[in-house]
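A short worksheet on the structure shown next.
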Amino acid sequence: MWNVIVATVFASFVAIGFVKFFGATIVTRAMAVAISIAFMMWTGSIHPPGGAACVIAMDMVKWQELGFLYAVYPTVLGSAFICASGAMCSKVKKRWPFTTEDVKRKLFLKRPTGKELIETLKGCGSGGIFAYGIMNTLWYSFGIIAGMYAITSGGATSLALIKPKLLPALAAVWAGSQATKLFRISSSIALAPVCDKILDRVNRRLNEKAAGRFSKSQTLFWTCVATVLLGCIFIATCTLAFLAKANLFIT
């Protein structure tokens, strides 16, 4: 933290000082960087991005216009963000130890296939099914609403002109669903624990009112039905709003 804050702030002040009093030339640029590096070596705060902060201030007019505020933003705020990110990563690594090799192996060397993701989703149980239902409802609601907006805002003046455009729009939604399928499955796997807790809570509430008549599978079924119905209502509402805005109900 000492290196990050001290080096970048001092380098920023030096660069802006040279620009204000001597102008931005090749000589002042070299002197500003040299003084910044010398200060870092003297104070034991070697931080290469500090030299970069100095060079940027000497070369970019927009940052020069900030004057000495450049040392506050982006220098101090950026340095604080770097320190906070480093502290957070350090705590995460202490709690869940990992190495760069582990990251490479997970992200690059062995990427799960579609079949592996589907099997993982199946293993998530009721929470995975509910999460996948939510992701599909969100996707198709967004896709259909976006398609209807594109159709109604494209200059259509009657419902007859909209009909030929419906099939291509629905085809685009279906193609997009195939392209985003792995993303939706991955997101569902990540959300499965949360959705499982939601199902447990809903099931508990229903059984309190119905004297234990609801099983978790029944709760899952009716919760998915309710989710789909909400999506359909949202799609219908937005579609009617788009049609009304385009004055297509007026004959």
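Within each chain, counting starts at residue 1; across the structure tokens, chains are named A, B, ... in the order shown, with ligands numbered 1 upward in that order.
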
Close residues, Gln178 of chain A itself excluded, 12 Å, only C-alpha atoms, min 6 positions apart in chain, as a JSON list (two decimals) with N, CA, C and O atoms, in the first residue's frame:
```
[["chain", "number", "residue", "atom", "x", "y", "z"],
["A", 114, "GLY", "N", -21.03, -28.96, -23.03],
["A", 114, "GLY", "CA", -22.45, -28.77, -22.80],
["A", 114, "GLY", "C", -23.07, -29.94, -22.05],
["A", 114, "GLY", "O", -23.89, -29.76, -21.14],
["A", 136, "ASN", "N", -34.67, -19.21, -18.30],
["A", 136, "ASN", "CA", -35.38, -19.32, -19.58],
["A", 136, "ASN", "C", -36.51, -18.30, -19.68],
["A", 136, "ASN", "O", -36.71, -17.68, -20.73],
["A", 139, "TRP", "N", -34.95, -14.95, -20.38],
["A", 139, "TRP", "CA", -34.44, -14.82, -21.74],
["A", 139, "TRP", "C", -35.57, -14.63, -22.75],
["A", 139, "TRP", "O", -35.55, -13.71, -23.57],
["A", 140, "TYR", "N", -36.57, -15.52, -22.69],
["A", 140, "TYR", "CA", -37.64, -15.44, -23.68],
["A", 140, "TYR", "C", -38.48, -14.18, -23.49],
["A", 140, "TYR", "O", -38.95, -13.59, -24.48],
["A", 171, "ALA", "N", -37.87, -16.31, -34.84],
["A", 171, "ALA", "CA", -36.72, -17.12, -35.23],
["A", 171, "ALA", "C", -35.43, -16.55, -34.63],
["A", 171, "ALA", "O", -34.55, -17.31, -34.19],
["A", 172, "ALA", "N", -35.33, -15.22, -34.59],
["A", 172, "ALA", "CA", -34.15, -14.59, -33.99],
["A", 172, "ALA", "C", -34.09, -14.88, -32.49],
["A", 172, "ALA", "O", -33.02, -15.12, -31.93],
["A", 184, "ARG", "N", -26.95, -19.77, -19.89],
["A", 184, "ARG", "CA", -28.10, -19.93, -19.01],
["A", 184, "ARG", "C", -27.95, -21.14, -18.10],
["A", 184, "ARG", "O", -28.33, -21.11, -16.93],
["A", 185, "ILE", "N", -27.36, -22.21, -18.63],
["A", 185, "ILE", "CA", -27.14, -23.39, -17.79],
["A", 185, "ILE", "C", -26.12, -23.09, -16.70],
["A", 185, "ILE", "O", -26.31, -23.45, -15.53]]
```

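Picture a line from atom CA of Met40 of chain A to atom CA of Ala15 of chain A; it runs 14.3 Å.
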
Item to complete: Grab the atom CA of Pro164 of chain A to atom CA of Leu240 of chain A distance for me, in Å with one decimal place.
Response: 18.2 Å

Discussion item. Would you pick out the contacts of Ile56 of chain A at 12 Å or less, using only C-alpha atoms, so that residues sharing its chain but fewer than 2 positions from it are not included, and give the list as a PyMOL selection string?
Written reply: chain A and resi 8+11-12+14-16+19+24+29+32-33+49-54+58-64+70-71+74-75

Would you save the residues of that selection, restricted to C-alpha atoms, as an mmCIF file, in the first residue's frame?
```cif
data_model
loop_
_atom_site.group_PDB
_atom_site.id
_atom_site.type_symbol
_atom_site.label_atom_id
_atom_site.label_comp_id
_atom_site.auth_asym_id
_atom_site.auth_seq_id
_atom_site.Cartn_x
_atom_site.Cartn_y
_atom_site.Cartn_z
ATOM 1 C CA THR A 8 1.796 7.468 -7.747
ATOM 2 C CA ALA A 11 4.843 11.232 -9.482
ATOM 3 C CA SER A 12 1.543 12.945 -10.304
ATOM 4 C CA VAL A 14 5.905 16.209 -10.051
ATOM 5 C CA ALA A 15 4.438 15.805 -13.534
ATOM 6 C CA ILE A 16 1.754 18.478 -13.065
ATOM 7 C CA VAL A 19 3.737 21.071 -16.884
ATOM 8 C CA ALA A 24 5.419 19.677 -21.481
ATOM 9 C CA ARG A 29 9.167 14.818 -19.462
ATOM 10 C CA ALA A 32 9.827 14.459 -14.248
ATOM 11 C CA VAL A 33 10.165 10.708 -14.739
ATOM 12 C CA PRO A 49 2.721 2.420 -12.429
ATOM 13 C CA GLY A 50 3.887 5.537 -10.584
ATOM 14 C CA GLY A 51 6.177 6.290 -13.517
ATOM 15 C CA ALA A 52 3.272 5.596 -15.853
ATOM 16 C CA ALA A 53 1.124 8.128 -13.946
ATOM 17 C CA CYS A 54 3.883 10.679 -14.475
ATOM 18 C CA MET A 58 2.958 14.833 -19.193
ATOM 19 C CA ASP A 59 1.477 13.519 -22.439
ATOM 20 C CA MET A 60 -2.298 13.940 -22.128
ATOM 21 C CA VAL A 61 -3.757 17.432 -22.214
ATOM 22 C CA LYS A 62 -7.069 16.368 -20.653
ATOM 23 C CA TRP A 63 -5.310 15.238 -17.489
ATOM 24 C CA GLN A 64 -3.155 18.355 -17.458
ATOM 25 C CA TYR A 70 -4.952 14.882 -11.061
ATOM 26 C CA ALA A 71 -3.176 13.615 -7.937
ATOM 27 C CA PRO A 74 -7.578 9.308 -10.935
ATOM 28 C CA THR A 75 -4.342 8.781 -8.953
#
```

Worksheet item: Which polymer residues have any atom within 12 Å of an atom of Ser126 of chain A, counting only C-alpha atoms, with same-chain residues fewer than 4 positions away left out, as a count of residues only?
Response: 28

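For Ile5 of chain A, the non-local neighbours within 9 Å, defined as residues at least 5 positions apart in the same chain or in other chains and counting only C-alpha atoms, are Phe10, Ser45, Gly50, Thr75, Val76, Ser79, Ala80 and Cys83 of chain A.
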
Practice prompt. Just list the residues in segment 54-240 of chain A DSSP gives alpha helix (DSSP H) on the backbone, as number ranges by chain.
Written response: A: 54-59, 61-64, 77-95, 100-104, 114-123, 126-152, 159-179, 181-210, 216-240
